[in-house]
file query19.pdb (PDB, C-alpha atoms)
ATOM      1  CA  MET A 736     232.166 116.330 209.639
ATOM      2  CA  LYS A 737     232.433 119.974 210.392
ATOM      3  CA  LYS A 738     234.553 120.730 213.450
ATOM      4  CA  GLN A 739     232.770 122.410 216.357
ATOM      5  CA  PHE A 740     234.278 125.588 217.729
ATOM      6  CA  PHE A 741     233.371 127.749 220.661
ATOM      7  CA  SER A 742     232.029 131.212 220.064
ATOM      8  CA  VAL A 743     232.965 134.457 221.762
ATOM      9  CA  ALA A 744     231.355 137.724 220.792
ATOM     10  CA  VAL A 745     233.893 140.448 221.224
ATOM     11  CA  ALA A 746     234.381 143.148 218.678
ATOM     12  CA  THR A 747     236.434 146.248 218.699
ATOM     13  CA  SER A 748     236.746 148.582 215.789
ATOM     14  CA  VAL A 749     239.245 151.364 215.386
ATOM     15  CA  LEU A 750     238.783 154.078 212.867
ATOM     16  CA  MET A 751     242.052 155.255 211.441
ATOM     17  CA  ALA A 752     242.403 158.777 210.280
ATOM     18  CA  GLY A 753     245.394 160.544 208.784
ATOM     19  CA  THR A 754     246.063 164.176 208.267
ATOM     20  CA  SER A 755     248.840 165.371 206.060
ATOM     21  CA  VAL A 756     251.430 167.815 207.250
ATOM     22  CA  ALA A 757     253.362 169.791 204.713
ATOM     23  CA  GLN A 758     257.082 169.176 204.978
ATOM     24  CA  ALA A 759     259.327 171.648 203.222
ATOM     25  CA  ASP A 760     262.586 169.760 203.675
ATOM     26  CA  LEU A 761     262.671 167.136 206.356
ATOM     27  CA  LEU A 762     266.273 166.122 205.616
ATOM     28  CA  ASP A 763     267.512 169.517 206.797
ATOM     29  CA  ASP A 764     265.358 169.258 209.920
ATOM     30  CA  VAL A 765     266.623 165.769 210.693
ATOM     31  CA  MET A 766     270.248 166.812 210.194
ATOM     32  CA  GLU A 767     269.809 169.784 212.514
ATOM     33  CA  ARG A 768     268.048 167.592 215.109
ATOM     34  CA  GLY A 769     270.790 164.962 214.982
ATOM     35  CA  TYR A 770     268.740 161.784 214.770
ATOM     36  CA  VAL A 771     266.036 159.979 212.806
ATOM     37  CA  GLN A 772     262.682 159.450 214.517
ATOM     38  CA  CYS A 773     261.555 156.011 213.416
ATOM     39  CA  GLY A 774     258.145 154.476 214.040
ATOM     40  CA  VAL A 775     258.278 150.756 214.849
ATOM     41  CA  THR A 776     256.033 148.034 216.259
ATOM     42  CA  GLU A 777     255.237 147.661 219.924
ATOM     43  CA  GLY A 778     257.605 144.709 219.906
ATOM     44  CA  LEU A 779     257.793 141.893 217.367
ATOM     45  CA  PRO A 780     260.779 139.504 217.524
ATOM     46  CA  GLY A 781     262.861 139.541 214.376
ATOM     47  CA  PHE A 782     261.470 142.815 213.062
ATOM     48  CA  SER A 783     261.459 145.446 215.808
ATOM     49  CA  SER A 784     261.805 144.462 219.428
ATOM     50  CA  PRO A 785     263.453 146.061 222.479
ATOM     51  CA  ASP A 786     265.542 144.245 225.067
ATOM     52  CA  ASP A 787     265.447 144.940 228.796
ATOM     53  CA  ASN A 788     267.638 148.007 228.286
ATOM     54  CA  ASN A 789     265.377 149.331 225.510
ATOM     55  CA  ASN A 790     267.924 148.517 222.803
ATOM     56  CA  TRP A 791     265.920 147.843 219.657
ATOM     57  CA  THR A 792     266.864 145.162 217.147
ATOM     58  CA  GLY A 793     265.279 143.572 214.093
ATOM     59  CA  LEU A 794     265.121 143.680 210.329
ATOM     60  CA  GLU A 795     262.952 146.789 210.286
ATOM     61  CA  VAL A 796     265.086 148.413 212.977
ATOM     62  CA  ASP A 797     268.109 147.801 210.771
ATOM     63  CA  TYR A 798     266.441 149.831 208.040
ATOM     64  CA  CYS A 799     266.121 152.716 210.519
ATOM     65  CA  ARG A 800     269.782 152.243 211.449
ATOM     66  CA  ALA A 801     270.718 152.258 207.762
ATOM     67  CA  MET A 802     268.946 155.615 207.371
ATOM     68  CA  ALA A 803     270.911 157.017 210.305
ATOM     69  CA  ALA A 804     274.191 155.574 209.034
ATOM     70  CA  ALA A 805     273.675 157.133 205.605
ATOM     71  CA  ILE A 806     272.838 160.547 207.058
ATOM     72  CA  PHE A 807     275.030 160.758 210.164
ATOM     73  CA  ASP A 808     277.631 157.987 209.730
ATOM     74  CA  ASP A 809     276.159 156.738 212.997
ATOM     75  CA  PRO A 810     273.613 153.886 213.036
ATOM     76  CA  GLU A 811     272.712 154.711 216.627
ATOM     77  CA  ALA A 812     271.401 158.172 215.706
ATOM     78  CA  VAL A 813     267.831 156.873 215.840
ATOM     79  CA  ARG A 814     265.011 157.228 218.321
ATOM     80  CA  TYR A 815     262.264 154.664 218.201
ATOM     81  CA  THR A 816     258.581 155.300 218.671
ATOM     82  CA  PRO A 817     256.518 152.152 219.329
ATOM     83  CA  LEU A 818     253.213 152.508 217.514
ATOM     84  CA  THR A 819     250.008 150.529 217.483
ATOM     85  CA  THR A 820     248.405 149.659 214.207
ATOM     86  CA  ALA A 821     245.641 152.146 214.908
ATOM     87  CA  VAL A 822     247.892 155.206 215.231
ATOM     88  CA  ARG A 823     250.826 154.424 212.908
ATOM     89  CA  PHE A 824     249.619 156.386 209.882
ATOM     90  CA  GLU A 825     248.349 159.331 211.891
ATOM     91  CA  SER A 826     251.700 159.499 213.678
ATOM     92  CA  LEU A 827     253.526 159.653 210.362
ATOM     93  CA  SER A 828     251.146 162.129 208.754
ATOM     94  CA  SER A 829     251.171 164.444 211.770
ATOM     95  CA  GLY A 830     254.969 164.610 211.894
ATOM     96  CA  ASN A 831     255.572 162.676 215.100
ATOM     97  CA  ILE A 832     257.932 160.370 213.227
ATOM     98  CA  ASP A 833     260.127 160.788 210.132
ATOM     99  CA  VAL A 834     259.763 157.287 208.747
ATOM    100  CA  LEU A 835     257.468 154.353 209.482
ATOM    101  CA  SER A 836     259.254 150.978 209.461
ATOM    102  CA  ARG A 837     256.656 148.765 211.020
ATOM    103  CA  THR A 838     255.345 145.573 209.346
ATOM    104  CA  THR A 839     253.018 147.618 207.173
ATOM    105  CA  THR A 840     251.561 146.306 203.942
ATOM    106  CA  TRP A 841     251.933 148.499 200.876
ATOM    107  CA  THR A 842     248.463 148.872 199.360
ATOM    108  CA  MET A 843     247.014 151.280 196.829
ATOM    109  CA  SER A 844     244.612 152.955 199.250
ATOM    110  CA  ARG A 845     247.330 153.585 201.823
ATOM    111  CA  ASP A 846     249.693 154.875 199.163
ATOM    112  CA  THR A 847     247.148 157.259 197.682
ATOM    113  CA  ASP A 848     244.684 158.251 200.410
ATOM    114  CA  LEU A 849     246.709 158.804 203.583
ATOM    115  CA  GLY A 850     249.237 161.431 202.559
ATOM    116  CA  ILE A 851     252.103 158.936 202.787
ATOM    117  CA  SER A 852     254.377 157.267 200.243
ATOM    118  CA  PHE A 853     255.836 153.771 200.401
ATOM    119  CA  VAL A 854     259.505 153.675 199.438
ATOM    120  CA  GLY A 855     259.864 149.959 198.696
ATOM    121  CA  VAL A 856     259.621 146.508 200.236
ATOM    122  CA  THR A 857     261.795 145.194 203.055
ATOM    123  CA  PHE A 858     259.947 141.882 203.464
ATOM    124  CA  TYR A 859     257.623 139.976 201.151
ATOM    125  CA  ASP A 860     255.121 138.289 203.401
ATOM    126  CA  GLY A 861     251.710 136.644 203.300
ATOM    127  CA  GLN A 862     248.907 136.063 205.764
ATOM    128  CA  GLY A 863     248.870 132.837 207.760
ATOM    129  CA  PHE A 864     246.993 131.174 210.616
ATOM    130  CA  ILE A 865     248.169 129.398 213.771
ATOM    131  CA  VAL A 866     246.323 126.820 215.876
ATOM    132  CA  ARG A 867     247.043 124.710 218.916
ATOM    133  CA  GLU A 868     248.321 121.332 217.800
ATOM    134  CA  ASP A 869     245.768 119.439 219.895
ATOM    135  CA  LEU A 870     242.933 121.060 217.921
ATOM    136  CA  GLY A 871     243.739 118.619 215.148
ATOM    137  CA  VAL A 872     243.438 121.155 212.347
ATOM    138  CA  SER A 873     245.754 120.832 209.346
ATOM    139  CA  SER A 874     244.301 123.363 206.907
ATOM    140  CA  VAL A 875     242.740 126.825 207.010
ATOM    141  CA  LEU A 876     239.799 125.277 205.201
ATOM    142  CA  ASP A 877     239.084 123.311 208.405
ATOM    143  CA  LEU A 878     238.374 126.576 210.262
ATOM    144  CA  ASP A 879     234.760 126.938 209.116
ATOM    145  CA  GLY A 880     232.908 128.483 212.063
ATOM    146  CA  ALA A 881     236.053 128.851 214.153
ATOM    147  CA  ALA A 882     236.627 131.713 216.574
ATOM    148  CA  VAL A 883     239.334 133.738 214.813
ATOM    149  CA  CYS A 884     241.245 136.473 216.640
ATOM    150  CA  ILE A 885     242.208 139.373 214.362
ATOM    151  CA  GLN A 886     243.693 142.801 214.872
ATOM    152  CA  SER A 887     241.233 145.392 213.643
ATOM    153  CA  GLY A 888     242.084 148.053 211.086
ATOM    154  CA  THR A 889     244.521 145.809 209.228
ATOM    155  CA  THR A 890     244.654 144.218 205.809
ATOM    156  CA  THR A 891     244.591 140.985 207.805
ATOM    157  CA  GLU A 892     240.975 141.587 208.775
ATOM    158  CA  LEU A 893     239.950 142.312 205.193
ATOM    159  CA  ASN A 894     241.848 139.329 203.782
ATOM    160  CA  ALA A 895     240.349 136.889 206.270
ATOM    161  CA  THR A 896     236.848 138.150 205.517
ATOM    162  CA  ASP A 897     237.459 137.745 201.774
ATOM    163  CA  PHE A 898     238.967 134.269 202.198
ATOM    164  CA  PHE A 899     236.135 132.918 204.352
ATOM    165  CA  ALA A 900     233.515 134.402 202.010
ATOM    166  CA  SER A 901     235.151 133.060 198.850
ATOM    167  CA  ASN A 902     235.363 129.570 200.363
ATOM    168  CA  GLY A 903     231.833 129.521 201.748
ATOM    169  CA  MET A 904     233.042 129.457 205.353
ATOM    170  CA  ASP A 905     231.215 130.800 208.402
ATOM    171  CA  ALA A 906     232.951 133.995 209.579
ATOM    172  CA  SER A 907     230.437 134.926 212.277
ATOM    173  CA  ASN A 908     232.931 134.208 215.078
ATOM    174  CA  PHE A 909     235.627 136.666 214.108
ATOM    175  CA  LEU A 910     236.902 138.525 217.174
ATOM    176  CA  THR A 911     238.694 141.811 216.615
ATOM    177  CA  PHE A 912     241.120 143.604 218.918
ATOM    178  CA  ALA A 913     242.718 147.003 218.831
ATOM    179  CA  SER A 914     246.331 145.891 219.144
ATOM    180  CA  ARG A 915     248.540 142.973 218.260
ATOM    181  CA  PRO A 916     249.419 142.133 221.890
ATOM    182  CA  GLU A 917     245.715 141.972 222.760
ATOM    183  CA  THR A 918     245.078 139.711 219.790
ATOM    184  CA  VAL A 919     247.883 137.313 220.662
ATOM    185  CA  GLN A 920     246.920 137.314 224.341
ATOM    186  CA  ALA A 921     243.340 136.397 223.474
ATOM    187  CA  TYR A 922     244.646 133.411 221.518
ATOM    188  CA  THR A 923     247.020 132.241 224.240
ATOM    189  CA  GLU A 924     244.215 132.547 226.808
ATOM    190  CA  GLY A 925     242.107 130.202 224.703
ATOM    191  CA  ARG A 926     239.494 132.750 223.738
ATOM    192  CA  CYS A 927     239.786 131.802 220.083
ATOM    193  CA  ASP A 928     240.734 128.745 218.051
ATOM    194  CA  THR A 929     243.237 130.577 215.868
ATOM    195  CA  TYR A 930     244.661 133.967 215.173
ATOM    196  CA  THR A 931     245.790 135.317 211.848
ATOM    197  CA  THR A 932     248.298 137.909 210.735
ATOM    198  CA  ASP A 933     251.425 138.038 208.566
ATOM    199  CA  ALA A 934     253.082 134.620 208.629
ATOM    200  CA  SER A 935     256.407 136.135 209.704
ATOM    201  CA  GLY A 936     254.650 137.863 212.591
ATOM    202  CA  ILE A 937     253.098 134.597 213.700
ATOM    203  CA  ALA A 938     256.548 132.989 213.632
ATOM    204  CA  GLY A 939     257.854 135.824 215.788
ATOM    205  CA  ASP A 940     254.958 135.660 218.229
ATOM    206  CA  ARG A 941     255.321 131.896 218.585
ATOM    207  CA  THR A 942     258.860 132.277 219.933
ATOM    208  CA  ARG A 943     257.294 133.901 223.014
ATOM    209  CA  PHE A 944     254.786 131.129 223.755
ATOM    210  CA  ASP A 945     255.430 128.885 226.775
ATOM    211  CA  VAL A 946     255.729 125.820 224.545
ATOM    212  CA  PRO A 947     256.097 126.975 220.916
ATOM    213  CA  SER A 948     255.952 123.416 219.576
ATOM    214  CA  ASP A 949     252.375 123.082 220.890
ATOM    215  CA  HIS A 950     251.271 125.492 218.161
ATOM    216  CA  VAL A 951     251.161 124.818 214.424
ATOM    217  CA  ILE A 952     251.325 127.388 211.644
ATOM    218  CA  LEU A 953     248.942 126.157 208.951
ATOM    219  CA  PRO A 954     250.408 125.719 205.459
ATOM    220  CA  GLU A 955     248.174 128.065 203.469
ATOM    221  CA  ILE A 956     249.197 131.653 202.751
ATOM    222  CA  ILE A 957     246.042 133.549 201.795
ATOM    223  CA  SER A 958     247.358 136.931 200.668
ATOM    224  CA  LYS A 959     250.233 139.046 199.409
ATOM    225  CA  GLU A 960     251.698 141.253 202.128
ATOM    226  CA  PRO A 961     254.546 143.383 200.787
ATOM    227  CA  LEU A 962     255.854 145.046 203.953
ATOM    228  CA  GLY A 963     257.859 148.203 203.626
ATOM    229  CA  PRO A 964     258.763 151.592 205.068
ATOM    230  CA  SER A 965     256.887 154.765 204.263
ATOM    231  CA  VAL A 966     257.347 158.518 204.632
ATOM    232  CA  ARG A 967     255.072 161.528 204.436
ATOM    233  CA  ALA A 968     254.138 162.468 200.890
ATOM    234  CA  GLY A 969     255.261 165.744 199.357
ATOM    235  CA  ASP A 970     258.932 165.879 200.342
ATOM    236  CA  THR A 971     260.855 164.546 197.355
ATOM    237  CA  ARG A 972     264.328 164.817 198.859
ATOM    238  CA  TRP A 973     263.423 162.899 202.021
ATOM    239  CA  PHE A 974     261.562 160.335 199.934
ATOM    240  CA  ASN A 975     264.662 159.884 197.760
ATOM    241  CA  VAL A 976     266.874 159.370 200.805
ATOM    242  CA  ALA A 977     264.489 156.733 202.193
ATOM    243  CA  ARG A 978     264.119 154.980 198.843
ATOM    244  CA  TRP A 979     267.805 154.895 197.931
ATOM    245  CA  VAL A 980     268.909 153.759 201.352
ATOM    246  CA  LEU A 981     266.715 150.719 200.775
ATOM    247  CA  ASN A 982     268.090 150.191 197.261
ATOM    248  CA  ALA A 983     271.696 150.491 198.431
ATOM    249  CA  TRP A 984     271.068 148.134 201.361
ATOM    250  CA  ILE A 985     269.730 145.420 199.035
ATOM    251  CA  GLY A 986     272.104 146.319 196.193
ATOM    252  CA  ALA A 987     275.130 145.770 198.423
ATOM    253  CA  GLU A 988     274.104 142.144 198.846
ATOM    254  CA  GLU A 989     273.640 141.784 195.102
ATOM    255  CA  LEU A 990     277.203 143.023 194.562
ATOM    256  CA  GLY A 991     278.676 140.865 197.321
ATOM    257  CA  VAL A 992     279.610 143.856 199.473
ATOM    258  CA  THR A 993     279.388 142.970 203.162
ATOM    259  CA  SER A 994     280.265 144.532 206.483
ATOM    260  CA  GLU A 995     283.319 142.265 206.519
ATOM    261  CA  ASN A 996     284.744 143.115 203.095
ATOM    262  CA  VAL A 997     283.471 146.634 202.463
ATOM    263  CA  ASP A 998     286.842 148.276 203.097
ATOM    264  CA  ASP A 999     288.561 145.895 200.694
ATOM    265  CA  MET A1000     285.808 146.570 198.160
ATOM    266  CA  LEU A1001     286.823 150.217 198.048
ATOM    267  CA  GLY A1002     289.648 149.025 195.793
ATOM    268  CA  SER A1003     287.364 146.998 193.512
ATOM    269  CA  GLU A1004     287.615 147.495 189.748
ATOM    270  CA  ASN A1005     283.871 146.796 189.381
ATOM    271  CA  PRO A1006     282.243 150.114 188.369
ATOM    272  CA  GLU A1007     278.960 149.197 190.095
ATOM    273  CA  ILE A1008     280.749 148.604 193.381
ATOM    274  CA  ARG A1009     282.777 151.770 192.995
ATOM    275  CA  ARG A1010     279.605 153.803 192.382
ATOM    276  CA  LEU A1011     277.844 152.157 195.344
ATOM    277  CA  LEU A1012     280.675 152.978 197.727
ATOM    278  CA  GLY A1013     281.239 156.510 196.491
ATOM    279  CA  VAL A1014     284.656 155.817 194.974
ATOM    280  CA  GLU A1015     283.471 156.717 191.484
ATOM    281  CA  GLY A1016     280.952 159.458 190.722
ATOM    282  CA  ASP A1017     278.885 161.346 193.242
ATOM    283  CA  PHE A1018     275.501 159.846 193.969
ATOM    284  CA  GLY A1019     275.199 161.461 197.386
ATOM    285  CA  THR A1020     275.006 165.158 196.600
ATOM    286  CA  PRO A1021     271.791 164.853 194.524
ATOM    287  CA  ILE A1022     269.975 163.469 197.578
ATOM    288  CA  GLY A1023     271.685 165.742 200.094
ATOM    289  CA  LEU A1024     274.131 163.181 201.488
ATOM    290  CA  SER A1025     277.863 162.533 201.519
ATOM    291  CA  PRO A1026     279.222 160.611 198.482
ATOM    292  CA  ASP A1027     280.052 157.671 200.763
ATOM    293  CA  TRP A1028     276.499 157.345 202.153
ATOM    294  CA  ALA A1029     276.103 153.744 200.980
ATOM    295  CA  TYR A1030     279.550 152.786 202.303
ATOM    296  CA  ARG A1031     278.357 154.032 205.677
ATOM    297  CA  ILE A1032     275.310 151.770 205.539
ATOM    298  CA  VAL A1033     277.258 148.622 204.752
ATOM    299  CA  SER A1034     280.145 149.314 207.122
ATOM    300  CA  HIS A1035     277.841 149.969 210.077
ATOM    301  CA  VAL A1036     274.742 147.849 209.424
ATOM    302  CA  GLY A1037     275.815 145.329 206.772
ATOM    303  CA  ASN A1038     273.846 144.486 203.653
ATOM    304  CA  TYR A1039     270.224 143.320 203.518
ATOM    305  CA  GLY A1040     271.167 139.640 203.457
ATOM    306  CA  GLU A1041     273.304 139.981 206.557
ATOM    307  CA  SER A1042     270.425 141.627 208.401
ATOM    308  CA  PHE A1043     267.943 138.991 207.229
ATOM    309  CA  GLU A1044     270.149 136.152 208.444
ATOM    310  CA  ALA A1045     270.830 137.839 211.790
ATOM    311  CA  ASN A1046     267.215 138.673 212.605
ATOM    312  CA  VAL A1047     264.782 136.301 210.924
ATOM    313  CA  GLY A1048     266.853 133.719 209.013
ATOM    314  CA  PRO A1049     267.070 129.921 209.443
ATOM    315  CA  ASP A1050     269.511 130.167 212.359
ATOM    316  CA  THR A1051     267.294 132.510 214.397
ATOM    317  CA  PRO A1052     264.303 131.546 216.605
ATOM    318  CA  LEU A1053     261.997 132.565 213.722
ATOM    319  CA  GLY A1054     263.789 130.173 211.359
ATOM    320  CA  LEU A1055     262.542 131.766 208.131
ATOM    321  CA  GLU A1056     263.963 130.775 204.756
ATOM    322  CA  ARG A1057     264.739 133.500 202.231
ATOM    323  CA  GLY A1058     262.060 132.348 199.774
ATOM    324  CA  LEU A1059     260.602 135.381 198.005
ATOM    325  CA  ASN A1060     262.966 137.525 200.026
ATOM    326  CA  ALA A1061     266.007 136.189 198.202
ATOM    327  CA  LEU A1062     267.563 138.362 195.544
ATOM    328  CA  TRP A1063     266.173 138.095 192.031
ATOM    329  CA  THR A1064     269.481 136.477 191.065
ATOM    330  CA  ASP A1065     268.822 133.696 193.592
ATOM    331  CA  GLY A1066     265.201 132.946 192.731
ATOM    332  CA  GLY A1067     263.603 135.625 194.904
ATOM    333  CA  ILE A1068     262.025 138.946 193.960
ATOM    334  CA  HIS A1069     264.231 141.549 195.655
ATOM    335  CA  TYR A1070     265.447 143.651 192.739
ATOM    336  CA  PRO A1071     267.375 146.800 193.749
ATOM    337  CA  MET A1072     267.350 149.704 191.345
ATOM    338  CA  PRO A1073     270.772 150.457 189.828
ATOM    339  CA  ILE A1074     272.954 153.245 191.159
ATOM    340  CA  ARG A1075     274.367 154.986 188.131
TER     341      ARG A1075
END
call {"tool": "encode", "arguments": {"input": "query19.pdb", "output": "structure tokens"}}
result
Amino acid sequence: MKKQFFSVAVATSVLMAGTSVAQADLLDDVMERGYVQCGVTEGLPGFSSPDDNNNWTGLEVDYCRAMAAAIFDDPEAVRYTPLTTAVRFESLSSGNIDVLSRTTTWTMSRDTDLGISFVGVTFYDGQGFIVREDLGVSSVLDLDGAAVCIQSGTTTELNATDFFASNGMDASNFLTFASRPETVQAYTEGRCDTYTTDASGIAGDRTRFDVPSDHVILPEIISKEPLGPSVRAGDTRWFNVARWVLNAWIGAEELGVTSENVDDMLGSENPEIRRLLGVEGDFGTPIGLSPDWAYRIVSHVGNYGESFEANVGPDTPLGLERGLNALWTDGGIHYPMPIR
């Protein structure tokens, strides 16, 4: 028997628009300014979230800190701009921020139509759904006709529409909201049966619920959501800095270089480690940085694996396993490009 769900007719649509701004050489501008302006979420535990003193932490914040460490040898040389989904691309394109590190899915249209360029993937995610346990739902396929809260202007909205259509499910009770906080609030107030977004985001949101165990994340993942940072298109040197910071951050884990052993690793006989840490060759000058730019990242921020475990891993409130986010050598798909 089909489950009966209540219906609420609320719809909000946000039209996103981006305008490109020519950037001659942002790296020089950032160096002269003295800090990186990083666009983040409005607050998502595990990824980018401020404490009561406005100190930001999270996996995506650590990428911003890695950028600052590579450029300034100071991971605190960052200023954070909380951005809604609706304004994130416009903020990047208009020059309000230098880099966007904000749970944003890398898609073809975004990479080619908005005047921005994705530099890689910091988190391989997929779209999930959450319901109250007492609803008695165990599968997304049970949500036919359900009131589904969704943030508008996201790949989430498009994916959910595709999934319901392809499975012959009634999607007439989708409720869209302009921001993530509004979407989550609508769910917690009981205005919808479920809400859907990236599964990692749901896990982060659930940590804030009064009784997290009263809510169940359904098992199905209905999409690919490769989340990663992006920069304005057209500035090759800044793009290279952003891209190779990410590669070095992940590559350090692959080579076993951590914040704890990085100084000892300076004496390693492994050529890959020596190149990473700037002991052998100069891989900083071509991108406008000091030869020890990657050493700075690891010594101040740690490697990617350290950040994952500290912010979203099994021992954090989110409790996420590495899964696809493990290194390719450990069964995952993170594959850093070689520094040589």
call {"tool": "closest_residue", "arguments": {"input": "query19.pdb", "among": "A:Glu1041, A:Asp787, A:Asp1027, A:Glu960", "to": "A:Thr842", "atoms": "all atoms listed in the file"}}
result
A:Glu960
call {"tool": "resolve_selection", "arguments": {"input": "query19.pdb", "expression": "the PyMOL selection byres ((chain A and resi 893) around 12)", "output": "VMD selection string"}}
result
chain A and resid 862 885 to 892 894 to 900 906 909 911 931 to 932 957 to 958
call {"tool": "write_last_selection", "arguments": {"input": "query19.pdb", "atoms": "C-alpha atoms", "output": "PDB file, keeping the file's coordinate frame"}}
result
ATOM      1  CA  GLN A 862     248.907 136.063 205.764  1.00  0.00           C
ATOM      2  CA  ILE A 885     242.208 139.373 214.362  1.00  0.00           C
ATOM      3  CA  GLN A 886     243.693 142.801 214.872  1.00  0.00           C
ATOM      4  CA  SER A 887     241.233 145.392 213.643  1.00  0.00           C
ATOM      5  CA  GLY A 888     242.084 148.053 211.086  1.00  0.00           C
ATOM      6  CA  THR A 889     244.521 145.809 209.228  1.00  0.00           C
ATOM      7  CA  THR A 890     244.654 144.218 205.809  1.00  0.00           C
ATOM      8  CA  THR A 891     244.591 140.985 207.805  1.00  0.00           C
ATOM      9  CA  GLU A 892     240.975 141.587 208.775  1.00  0.00           C
ATOM     10  CA  ASN A 894     241.848 139.329 203.782  1.00  0.00           C
ATOM     11  CA  ALA A 895     240.349 136.889 206.270  1.00  0.00           C
ATOM     12  CA  THR A 896     236.848 138.150 205.517  1.00  0.00           C
ATOM     13  CA  ASP A 897     237.459 137.745 201.774  1.00  0.00           C
ATOM     14  CA  PHE A 898     238.967 134.269 202.198  1.00  0.00           C
ATOM     15  CA  PHE A 899     236.135 132.918 204.352  1.00  0.00           C
ATOM     16  CA  ALA A 900     233.515 134.402 202.010  1.00  0.00           C
ATOM     17  CA  ALA A 906     232.951 133.995 209.579  1.00  0.00           C
ATOM     18  CA  PHE A 909     235.627 136.666 214.108  1.00  0.00           C
ATOM     19  CA  THR A 911     238.694 141.811 216.615  1.00  0.00           C
ATOM     20  CA  THR A 931     245.790 135.317 211.848  1.00  0.00           C
ATOM     21  CA  THR A 932     248.298 137.909 210.735  1.00  0.00           C
ATOM     22  CA  ILE A 957     246.042 133.549 201.795  1.00  0.00           C
ATOM     23  CA  SER A 958     247.358 136.931 200.668  1.00  0.00           C
TER      24      SER A 958
END
call {"tool": "atom_distance", "arguments": {"input": "query19.pdb", "atom1": "atom CA of A:Tyr770", "atom2": "atom CA of A:Val856"}}
result
23.0 Å
call {"tool": "resolve_selection", "arguments": {"input": "query19.pdb", "expression": "the PyMOL selection byres ((chain A and resi 804) around 9)", "output": "number ranges by chain"}}
result
A: 799-803, 805-812, 1028-1029, 1031-1036
call {"tool": "closest_residue", "arguments": {"input": "query19.pdb", "among": "A:Thr1020, A:Ser783, A:Thr929, A:Thr971", "to": "A:Asp760", "atoms": "all atoms listed in the file"}}
result
A:Thr971
call {"tool": "closest_residue", "arguments": {"input": "query19.pdb", "among": "A:Pro1071, A:Pro780, A:Gly774, A:Gly925", "to": "A:Gly939", "atoms": "all atoms listed in the file"}}
result
A:Pro780
call {"tool": "closest_residue", "arguments": {"input": "query19.pdb", "among": "A:Ala968, A:Val854, A:Val866, A:Val813", "to": "A:Val919", "atoms": "only C-alpha atoms"}}
result
A:Val866
